[in-house]
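**Q** Got a file for you: final.txt, compact mmCIF, C-alpha atoms.
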```
# COMPACT_ATOMS: atom_id res chain seq x y z
CA MET G 1 -15.68 50.34 -29.42
CA THR G 2 -13.86 47.81 -27.27
CA MET G 3 -15.73 44.91 -25.77
CA SER G 4 -15.10 44.06 -22.19
CA ILE G 5 -14.99 40.34 -21.93
CA SER G 6 -15.36 38.92 -18.45
CA THR G 7 -13.19 35.84 -18.22
CA THR G 8 -13.39 33.39 -15.36
CA PRO G 9 -9.89 32.52 -14.22
CA LYS G 10 -8.89 29.17 -15.68
CA VAL G 11 -8.69 26.46 -13.05
CA ASP G 12 -5.75 24.14 -13.58
CA ASN G 13 -4.93 21.40 -11.09
CA GLY G 14 -3.19 19.40 -13.78
CA VAL G 15 -5.99 16.86 -14.13
CA ASN G 16 -7.49 16.24 -17.56
CA VAL G 17 -11.14 16.00 -16.56
CA THR G 18 -12.37 16.14 -20.15
CA ALA G 19 -10.45 12.96 -20.92
CA LEU G 20 -11.74 11.29 -17.77
CA LEU G 21 -15.34 12.15 -18.60
CA GLY G 22 -14.75 10.86 -22.13
CA ALA G 23 -13.35 7.64 -20.67
CA ARG G 24 -16.39 7.23 -18.48
CA GLU G 25 -18.68 7.65 -21.47
CA ALA G 26 -16.65 5.22 -23.57
CA LEU G 27 -16.43 2.60 -20.81
CA GLU G 28 -20.14 2.86 -20.13
CA LYS G 29 -20.66 1.58 -23.68
CA ALA G 30 -17.86 -1.00 -23.52
CA PRO G 31 -17.96 -2.54 -20.03
CA GLU G 32 -15.32 -5.18 -20.90
CA ALA G 33 -12.78 -2.38 -21.50
CA ALA G 34 -13.31 -1.31 -17.87
CA GLN G 35 -11.93 -4.63 -16.58
CA PHE G 36 -8.40 -3.88 -15.36
CA LYS G 37 -5.73 -6.12 -13.89
CA TRP G 38 -3.07 -4.44 -11.77
CA ARG G 39 0.18 -6.20 -11.00
CA ALA G 40 3.27 -6.13 -8.85
CA SER G 41 6.05 -8.65 -8.44
CA CYS G 42 8.25 -8.78 -5.39
CA GLU G 43 11.74 -10.17 -5.03
CA TRP G 44 13.19 -11.09 -1.64
CA LEU G 45 16.60 -9.44 -1.19
CA HIS G 46 17.83 -10.25 2.33
CA GLY G 47 16.24 -10.52 5.75
CA THR G 48 13.01 -8.53 5.63
CA HIS G 49 14.20 -6.37 2.73
CA SER G 50 12.41 -6.85 -0.60
CA ARG G 51 11.93 -4.98 -3.85
CA SER G 52 8.68 -4.83 -5.78
CA ALA G 53 8.60 -4.11 -9.48
CA ILE G 54 5.59 -2.47 -11.08
CA GLY G 55 5.30 -2.41 -14.84
CA SER G 56 2.60 -3.65 -17.16
CA PHE G 57 -1.10 -3.86 -16.43
CA PHE G 58 -4.15 -4.95 -18.37
CA GLY G 59 -6.95 -2.56 -19.29
CA LEU G 60 -9.04 -1.18 -22.13
CA GLY G 61 -9.13 -4.75 -23.45
CA ALA G 62 -5.36 -4.98 -23.97
CA GLU G 63 -1.99 -5.35 -22.27
CA GLN G 64 -0.70 -1.93 -21.31
CA SER G 65 3.06 -1.74 -21.08
CA ARG G 66 4.97 1.19 -19.68
CA ASP G 67 8.29 2.43 -20.98
CA LYS G 68 9.69 2.01 -17.47
CA THR G 69 9.46 -0.23 -14.42
CA PHE G 70 8.81 1.35 -11.04
CA THR G 71 10.30 -0.20 -7.93
CA VAL G 72 9.15 0.01 -4.33
CA ASP G 73 11.49 -1.30 -1.63
CA ALA G 74 10.25 -2.44 1.75
CA ASP G 75 11.96 -3.48 4.96
CA HIS G 76 11.38 -3.56 8.69
CA PRO G 77 12.73 -0.95 11.11
CA GLN G 78 15.63 -1.33 13.51
CA VAL G 79 13.32 -1.81 16.52
CA PHE G 80 12.29 -5.07 14.83
CA ALA G 81 15.99 -6.04 14.62
CA SER G 82 15.94 -5.26 10.89
CA GLU G 83 18.05 -2.94 8.76
CA ASP G 84 15.50 -0.22 8.01
CA ASN G 85 16.53 -0.07 4.34
CA ALA G 86 13.06 1.08 3.30
CA PRO G 87 9.62 1.81 4.74
CA THR G 88 7.70 -1.06 6.29
CA PRO G 89 4.89 -2.63 4.25
CA VAL G 90 2.21 -1.06 6.47
CA GLU G 91 3.69 2.42 5.96
CA ILE G 92 3.67 1.75 2.22
CA VAL G 93 -0.02 0.90 2.42
CA LEU G 94 -0.64 4.17 4.29
CA SER G 95 1.14 6.04 1.49
CA GLY G 96 -1.10 4.27 -1.03
CA LEU G 97 -4.20 5.38 0.85
CA ALA G 98 -2.86 8.93 1.12
CA SER G 99 -1.98 9.21 -2.57
CA CYS G 100 -5.27 7.72 -3.73
CA LEU G 101 -7.30 10.22 -1.70
CA THR G 102 -4.99 13.08 -2.73
CA ALA G 103 -5.28 12.32 -6.46
CA GLY G 104 -9.03 12.15 -5.96
CA VAL G 105 -9.10 15.57 -4.33
CA ALA G 106 -7.21 17.02 -7.32
CA ALA G 107 -9.52 15.38 -9.84
CA VAL G 108 -12.74 16.34 -8.07
CA ALA G 109 -11.51 19.91 -7.58
CA GLN G 110 -10.75 20.17 -11.30
CA ARG G 111 -14.20 18.84 -12.15
CA ARG G 112 -15.82 21.36 -9.79
CA GLY G 113 -13.76 24.28 -11.04
CA ILE G 114 -11.89 24.73 -7.78
CA GLN G 115 -8.27 25.88 -7.98
CA LEU G 116 -6.11 24.05 -5.47
CA HIS G 117 -3.05 25.71 -3.96
CA SER G 118 -1.83 22.95 -1.69
CA VAL G 119 -3.01 19.60 -0.42
CA LYS G 120 -1.34 17.74 2.39
CA ALA G 121 -2.58 14.55 3.99
CA THR G 122 -1.26 13.35 7.32
CA LEU G 123 -2.01 9.76 8.24
CA GLU G 124 -1.56 7.82 11.44
CA ALA G 125 -2.57 4.22 12.08
CA ASP G 126 -2.67 2.33 15.35
CA MET G 127 -1.28 -1.19 15.52
CA ASP G 128 -1.06 -3.48 18.52
CA LEU G 129 1.97 -5.71 17.93
CA ALA G 130 0.40 -8.39 20.13
CA GLY G 131 -1.29 -9.43 16.86
CA ILE G 132 1.62 -10.05 14.50
CA LEU G 133 3.82 -11.37 17.30
CA GLY G 134 1.22 -14.00 18.14
CA ILE G 135 0.89 -12.83 21.75
CA ASP G 136 -2.90 -12.46 21.69
CA ASP G 137 -5.11 -14.15 19.11
CA ASP G 138 -7.89 -11.64 19.78
CA VAL G 139 -5.70 -8.80 18.49
CA ARG G 140 -5.71 -8.34 14.75
CA ASN G 141 -2.47 -8.26 12.76
CA GLY G 142 -3.33 -5.08 10.90
CA PHE G 143 -4.35 -1.58 11.90
CA GLY G 144 -6.85 -0.92 14.66
CA VAL G 145 -7.84 2.39 13.10
CA ILE G 146 -6.47 4.87 10.56
CA ARG G 147 -6.79 8.63 10.98
CA VAL G 148 -6.40 10.84 7.91
CA HIS G 149 -6.14 14.58 8.22
CA PHE G 150 -6.23 16.82 5.15
CA ASN G 151 -4.85 20.32 5.04
CA ILE G 152 -6.11 21.97 1.87
CA ARG G 153 -5.66 25.51 0.59
CA ALA G 154 -7.97 26.24 -2.32
CA ASP G 155 -10.12 28.98 -3.83
CA ALA G 156 -13.24 27.62 -2.20
CA SER G 157 -15.29 27.79 0.98
CA GLU G 158 -14.50 25.49 3.87
CA ASP G 159 -17.64 23.49 3.10
CA ASP G 160 -16.68 23.08 -0.54
CA ILE G 161 -13.21 21.93 0.51
CA LYS G 162 -14.71 19.37 2.87
CA ALA G 163 -16.98 18.18 0.07
CA LEU G 164 -13.93 17.59 -2.16
CA VAL G 165 -12.50 15.18 0.37
CA ALA G 166 -15.84 13.46 0.92
CA GLN G 167 -16.25 12.85 -2.81
CA SER G 168 -12.67 11.63 -3.18
CA GLN G 169 -13.28 9.19 -0.32
CA LYS G 170 -16.47 7.98 -2.01
CA ARG G 171 -14.60 7.06 -5.20
CA SER G 172 -11.23 6.03 -3.85
CA ALA G 173 -10.04 2.55 -4.77
CA VAL G 174 -7.62 2.29 -1.84
CA PHE G 175 -10.12 3.68 0.66
CA ASP G 176 -12.42 0.84 -0.41
CA ILE G 177 -9.60 -1.74 -0.23
CA VAL G 178 -8.75 -0.67 3.33
CA THR G 179 -12.29 -0.25 4.68
CA ASN G 180 -13.86 -3.33 3.07
CA PRO G 181 -12.79 -6.98 2.82
CA THR G 182 -11.14 -8.28 -0.34
CA ASN G 183 -10.53 -11.92 -1.20
CA VAL G 184 -6.86 -12.82 -1.59
CA PHE G 185 -5.96 -16.19 -3.07
CA VAL G 186 -2.43 -17.37 -2.41
CA SER G 187 -0.68 -20.18 -4.28
CA VAL G 188 2.88 -21.52 -4.02
CA ASN G 189 5.38 -22.98 -6.53
CA MET R 1 42.06 -38.02 19.75
CA THR R 2 40.00 -35.70 17.62
CA MET R 3 36.34 -35.28 18.25
CA SER R 4 34.08 -35.35 15.31
CA ILE R 5 31.49 -32.67 15.83
CA SER R 6 28.46 -32.89 13.64
CA THR R 7 27.44 -29.37 12.77
CA THR R 8 24.12 -28.55 11.20
CA PRO R 9 24.65 -26.04 8.40
CA LYS R 10 23.87 -22.58 9.70
CA VAL R 11 20.66 -21.20 8.24
CA ASP R 12 20.89 -17.50 7.51
CA ASN R 13 18.04 -15.67 5.83
CA GLY R 14 19.16 -12.40 7.38
CA VAL R 15 16.38 -12.31 9.96
CA ASN R 16 17.30 -11.97 13.63
CA VAL R 17 14.78 -14.40 15.08
CA THR R 18 16.43 -14.38 18.52
CA ALA R 19 15.75 -10.66 18.79
CA LEU R 20 12.18 -11.12 17.58
CA LEU R 21 11.51 -13.85 20.14
CA GLY R 22 13.04 -11.62 22.80
CA ALA R 23 10.77 -8.80 21.70
CA ARG R 24 7.75 -11.03 21.93
CA GLU R 25 8.69 -12.04 25.45
CA ALA R 26 9.32 -8.44 26.48
CA LEU R 27 6.09 -7.15 24.92
CA GLU R 28 4.08 -9.92 26.53
CA LYS R 29 5.09 -8.42 29.86
CA ALA R 30 4.66 -4.80 28.77
CA PRO R 31 1.56 -4.68 26.55
CA GLU R 32 1.65 -0.87 26.34
CA ALA R 33 5.02 -1.07 24.59
CA ALA R 34 3.33 -3.09 21.82
CA GLN R 35 1.07 -0.16 20.90
CA PHE R 36 2.53 1.27 17.68
CA LYS R 37 1.51 4.24 15.56
CA TRP R 38 2.61 4.19 11.92
CA ARG R 39 2.58 7.39 9.88
CA ALA R 40 2.82 8.79 6.40
CA SER R 41 2.27 12.28 5.09
CA CYS R 42 1.44 13.02 1.49
CA GLU R 43 2.01 16.20 -0.48
CA TRP R 44 0.11 16.91 -3.68
CA LEU R 45 2.56 17.81 -6.46
CA HIS R 46 0.54 18.27 -9.67
CA GLY R 47 -2.41 16.55 -11.28
CA THR R 48 -2.61 13.07 -9.81
CA HIS R 49 1.07 13.05 -8.84
CA SER R 50 1.87 13.09 -5.13
CA ARG R 51 4.76 12.28 -2.83
CA SER R 52 4.44 10.57 0.52
CA ALA R 53 7.06 10.95 3.21
CA ILE R 54 7.63 8.24 5.78
CA GLY R 55 9.76 8.96 8.81
CA SER R 56 9.01 8.70 12.49
CA PHE R 57 6.68 6.28 14.18
CA PHE R 58 5.65 5.57 17.75
CA GLY R 59 6.38 2.29 19.48
CA LEU R 60 7.97 0.68 22.55
CA GLY R 61 6.40 3.52 24.51
CA ALA R 62 8.37 6.25 22.76
CA GLU R 63 8.74 8.27 19.57
CA GLN R 64 11.02 6.39 17.17
CA SER R 65 12.79 8.63 14.73
CA ARG R 66 14.79 7.44 11.75
CA ASP R 67 17.97 9.03 10.49
CA LYS R 68 16.29 9.35 7.06
CA THR R 69 12.93 10.00 5.47
CA PHE R 70 11.63 7.57 2.87
CA THR R 71 9.49 8.85 0.01
CA VAL R 72 6.95 7.03 -2.11
CA ASP R 73 5.64 8.79 -5.20
CA ALA R 74 2.30 7.92 -6.77
CA ASP R 75 0.56 8.95 -9.97
CA HIS R 76 -1.99 7.64 -12.46
CA PRO R 77 -1.07 6.01 -15.78
CA GLN R 78 -1.34 7.55 -19.22
CA VAL R 79 -4.53 5.62 -20.05
CA PHE R 80 -6.15 7.74 -17.30
CA ALA R 81 -4.86 10.87 -19.09
CA SER R 82 -2.18 11.26 -16.43
CA GLU R 83 1.59 11.51 -16.62
CA ASP R 84 2.57 8.10 -15.22
CA ASN R 85 5.32 9.62 -13.09
CA ALA R 86 5.03 6.83 -10.54
CA PRO R 87 3.00 3.69 -9.79
CA THR R 88 -0.71 4.09 -9.10
CA PRO R 89 -1.87 3.93 -5.48
CA VAL R 90 -3.45 0.50 -6.00
CA GLU R 91 -0.19 -0.90 -7.39
CA ILE R 92 1.59 0.53 -4.34
CA VAL R 93 -0.86 -1.31 -2.08
CA LEU R 94 -0.14 -4.53 -4.00
CA SER R 95 3.58 -3.99 -3.40
CA GLY R 96 2.84 -3.51 0.31
CA LEU R 97 0.97 -6.81 0.42
CA ALA R 98 3.75 -8.55 -1.52
CA SER R 99 6.54 -7.22 0.71
CA CYS R 100 4.69 -7.99 3.94
CA LEU R 101 4.13 -11.62 2.94
CA THR R 102 7.70 -11.91 1.62
CA ALA R 103 9.27 -10.58 4.84
CA GLY R 104 7.06 -13.01 6.72
CA VAL R 105 8.28 -15.93 4.63
CA ALA R 106 11.90 -14.98 5.42
CA ALA R 107 11.22 -14.66 9.15
CA VAL R 108 9.25 -17.89 9.44
CA ALA R 109 11.86 -19.77 7.41
CA GLN R 110 14.59 -18.50 9.73
CA ARG R 111 12.57 -19.57 12.76
CA ARG R 112 12.04 -23.03 11.26
CA GLY R 113 15.67 -23.46 10.25
CA ILE R 114 14.93 -23.41 6.53
CA GLN R 115 17.53 -21.82 4.26
CA LEU R 116 15.90 -19.77 1.53
CA HIS R 117 17.56 -19.37 -1.86
CA SER R 118 15.01 -17.19 -3.61
CA VAL R 119 11.52 -15.88 -3.00
CA LYS R 120 9.44 -14.18 -5.65
CA ALA R 121 5.84 -13.13 -5.31
CA THR R 122 3.72 -12.28 -8.34
CA LEU R 123 0.49 -10.43 -7.66
CA GLU R 124 -2.45 -9.59 -9.87
CA ALA R 125 -5.63 -7.84 -8.82
CA ASP R 126 -8.85 -7.40 -10.77
CA MET R 127 -10.55 -4.03 -10.82
CA ASP R 128 -13.71 -3.02 -12.65
CA LEU R 129 -13.34 0.69 -13.43
CA ALA R 130 -17.14 1.03 -13.47
CA GLY R 131 -16.71 1.53 -9.72
CA ILE R 132 -14.31 4.46 -9.47
CA LEU R 133 -15.77 6.11 -12.57
CA GLY R 134 -19.22 6.08 -10.97
CA ILE R 135 -20.74 4.11 -13.85
CA ASP R 136 -22.28 1.40 -11.66
CA ASP R 137 -22.92 1.85 -7.95
CA ASP R 138 -23.02 -1.92 -7.47
CA VAL R 139 -19.38 -2.20 -8.52
CA ARG R 140 -16.89 -1.57 -5.76
CA ASN R 141 -14.10 0.97 -6.17
CA GLY R 142 -11.34 -1.36 -5.08
CA PHE R 143 -10.15 -4.79 -6.14
CA GLY R 144 -12.56 -7.59 -6.95
CA VAL R 145 -9.96 -10.19 -6.03
CA ILE R 146 -6.20 -10.43 -5.54
CA ARG R 147 -4.16 -13.44 -6.63
CA VAL R 148 -0.73 -13.96 -5.09
CA HIS R 149 1.64 -16.56 -6.45
CA PHE R 150 4.86 -17.42 -4.63
CA ASN R 151 7.86 -19.01 -6.26
CA ILE R 152 10.22 -20.17 -3.54
CA ARG R 153 13.47 -22.08 -3.73
CA ALA R 154 14.56 -23.34 -0.33
CA ASP R 155 16.19 -26.30 1.38
CA ALA R 156 12.85 -27.79 2.35
CA SER R 157 10.09 -30.06 1.07
CA GLU R 158 7.27 -28.66 -1.01
CA ASP R 159 4.91 -29.07 1.93
CA ASP R 160 7.28 -27.22 4.27
CA ILE R 161 7.57 -24.41 1.71
CA LYS R 162 3.78 -24.16 1.45
CA ALA R 163 3.59 -24.05 5.23
CA LEU R 164 5.99 -21.07 5.29
CA VAL R 165 3.61 -19.06 3.15
CA ALA R 166 0.58 -20.16 5.14
CA GLN R 167 2.20 -19.03 8.39
CA SER R 168 3.34 -15.73 6.87
CA GLN R 169 -0.23 -15.11 5.68
CA LYS R 170 -1.56 -15.89 9.16
CA ARG R 171 0.64 -13.21 10.74
CA SER R 172 0.79 -10.61 7.97
CA ALA R 173 -0.36 -7.12 8.87
CA VAL R 174 -1.08 -6.11 5.28
CA PHE R 175 -2.87 -9.38 4.49
CA ASP R 176 -5.18 -8.56 7.40
CA ILE R 177 -5.60 -4.94 6.27
CA VAL R 178 -6.61 -6.06 2.78
CA THR R 179 -8.83 -9.00 3.73
CA ASN R 180 -10.63 -7.41 6.69
CA PRO R 181 -12.33 -4.04 7.17
CA THR R 182 -10.51 -1.21 8.96
CA ASN R 183 -12.07 1.99 10.19
CA VAL R 184 -10.68 5.12 8.55
CA PHE R 185 -11.55 8.51 10.04
CA VAL R 186 -11.02 11.48 7.74
CA SER R 187 -10.89 15.11 8.87
CA VAL R 188 -10.24 18.30 6.92
CA ASN R 189 -8.45 21.62 7.71
```
The structure in this file should be written as structure tokens.
**A**
Amino acid sequence: MTMSISTTPKVDNGVNVTALLGAREALEKAPEAAQFKWRASCEWLHGTHSRSAIGSFFGLGAEQSRDKTFTVDADHPQVFASEDNAPTPVEIVLSGLASCLTAGVAAVAQRRGIQLHSVKATLEADMDLAGILGIDDDVRNGFGVIRVHFNIRADASEDDIKALVAQSQKRSAVFDIVTNPTNVFVSVN
Amino acid sequence: MTMSISTTPKVDNGVNVTALLGAREALEKAPEAAQFKWRASCEWLHGTHSRSAIGSFFGLGAEQSRDKTFTVDADHPQVFASEDNAPTPVEIVLSGLASCLTAGVAAVAQRRGIQLHSVKATLEADMDLAGILGIDDDVRNGFGVIRVHFNIRADASEDDIKALVAQSQKRSAVFDIVTNPTNVFVSVN
């Protein structure tokens, strides 16, 4: 006699949800381990061109060093009389928002047993240059509004796909940073 | 007879302030040209790894295309059970803040006739993971606080150097984005 075993297809979005749930359990018991410090240092190169280095961070109660240092260059575009060597800082922030929400979609989908096939986020942000140019003090320097559009193909209903994005948004660090105020303390020399 | 001409040493931080002042004058007269749209699109690769592409933007009343597309990868670190292929989204945002303030320092210094020799910004941001892990709803997902420290060598007094940073902060798009709330509208499929 052969047994017919019904197997559910294994969902694999490449996110280790078991480890993340374990981390949550562990950090619930050790709140001081959940205190992270993220870092970047930025070196001025020339004009508006700079290079940020991203390496170590602090977390789980200890210094966490990587075996590599990431760099992110930034510059201003030619219409600002710059050399356009790299994306502008505001475009870099948009990419940070996009990647944070996208990683969240992958993690939540894994947790909910939803196989993703493709995820693409398209972002556009309005900015009135009258702010940064000092033309009008009533105009803010940053974005007026940001629009994010997700195109997701997954083995799930449209409602379940929408719920993935909603949950990612709810737990996104960068979404919070952009939508809510954060204190920044600046010191010199 | 020879004339003795006293020449002030030419300050060159690589920023074309004349063009920027011209732009301000032009945009003051044509406010619709100051309406910019910045964009990024982000493709999910695997797990928490994604790649953002940054190319065209809208400004000066027209589509502005670049002759290249910039990419910014993002991932989560190994302590989050990820592959650490790239900086985390929050580190990318820190680099955006750093580069925006740094470009501002260079531009303001140029405007004020101050020769810069070196500018380095060191950023650190606190984050309590109890937020993003859903352990404590009273803990925010994003940064608790961001500390920025500038080390600047320039032909100027300490007070004038501090004033450079203060002015950069006052006109920084990313500083505004991080310190003030921005509406983000998310749509799916």
**Q** Up to 9 Å from (0.1, -4.6, -13.7) in the file's coordinates: name the residues, counting only C-alpha atoms, as a list in words.
**A**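 The distance filter leaves exactly Phe36, Lys37, Trp38, Arg39, Ala40, Ser41, Ile54, Gly55, Ser56, Phe57, Phe58, Glu63, Gln64 and Ser65 of chain G; Glu91, Leu123, Glu124 and Ala125 of chain R.
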**Q** Starting from the point (7.3, 0.2, 23.3), work out which residues of protein, DNA or RNA have an atom no more than 12 Å away when counting only C-alpha atoms; state them as a list in words.
**A**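 Residues satisfying the cut-off, written out: Val79, Phe80, Met127, Asp128, Leu129 and Ala130 of chain G; Ala23, Arg24, Ala26, Leu27, Glu28, Lys29, Ala30, Pro31, Glu32, Ala33, Ala34, Gln35, Phe36, Lys37, Phe57, Phe58, Gly59, Leu60, Gly61, Ala62, Glu63 and Gln64 of chain R.
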**Q** One decimal, Å: what's the distance from CA of Gln78 (chain R) over to CA of Val108 (chain G), could you say?
**A**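 Taking CA of Gln78 (chain R) and CA of Val108 (chain G), their separation equals 18.2 Å.
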**Q** Residues within 12 Å of Ser157 (chain G), please, as a PyMOL selection string. Count all atoms listed in the file; anything in the same chain fewer than 6 positions from it doesn't count.
**A** (chain G and resi 114-116+163-164) or (chain R and resi 189)
**Q** Separation of CA of Lys120 (chain R) and CA of Glu43 (chain G), in Å?
**A**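 So the two atoms, CA of Lys120 (chain R) and CA of Glu43 (chain G), lie 4.7 Å apart.
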**Q** Work out how far CA of Val93 (chain G) is from CA of Leu21 (chain R), in Å to one decimal.
**A**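 Calculated distance between CA of Leu21 (chain R) and CA of Val93 (chain G) is 25.8 Å.
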**Q** For a quick check of understanding, using all atoms listed in the file, which of G:Ala121, G:Ala109, G:Ala173, G:Cys42 has the smallest distance to Pro89 (chain R)?
**A**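 That would be G:Ala173, the residue with the smallest distance to Pro89 (chain R).
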**Q** If we count all atoms listed in the file and set the cut-off at 12 Å, which residues sit around Thr18 (chain R), ignoring sequence neighbours fewer than 4 positions away in its own chain? Please answer as a ChimeraX atom specification.
**A** /G:80-82 /R:14,22-25,107,110-111
**Q** Could you check the closest approach to chain G for each of R:Asp67, R:Asp137, R:Asp159, R:Asp176 and tell me which residue wins, using only C-alpha atoms?
**A**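 Closest to chain G of all the choices is R:Asp176.
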**Q** Using all atoms listed in the file, can you tell me which of R:Asp126, R:Asp136, R:Asp160, R:Asp155 comes closest to chain G?
**A**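 With all atoms listed in the file as the atom set, the closest residue is R:Asp126.
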**Q** Give me the residues within 12 Å of Val105 (chain G) as a ChimeraX atom specification, counting all atoms listed in the file and dropping any in the same chain fewer than 2 places off.
**A** /G:13-15,98-103,107-121,150-154,160-172 /R:43-44,46-50,188
**Q** Give me the residues within 10 Å of Thr182 (chain G) as a count of residues only, counting all atoms listed in the file and dropping any in the same chain fewer than 4 places off.
**A** 15
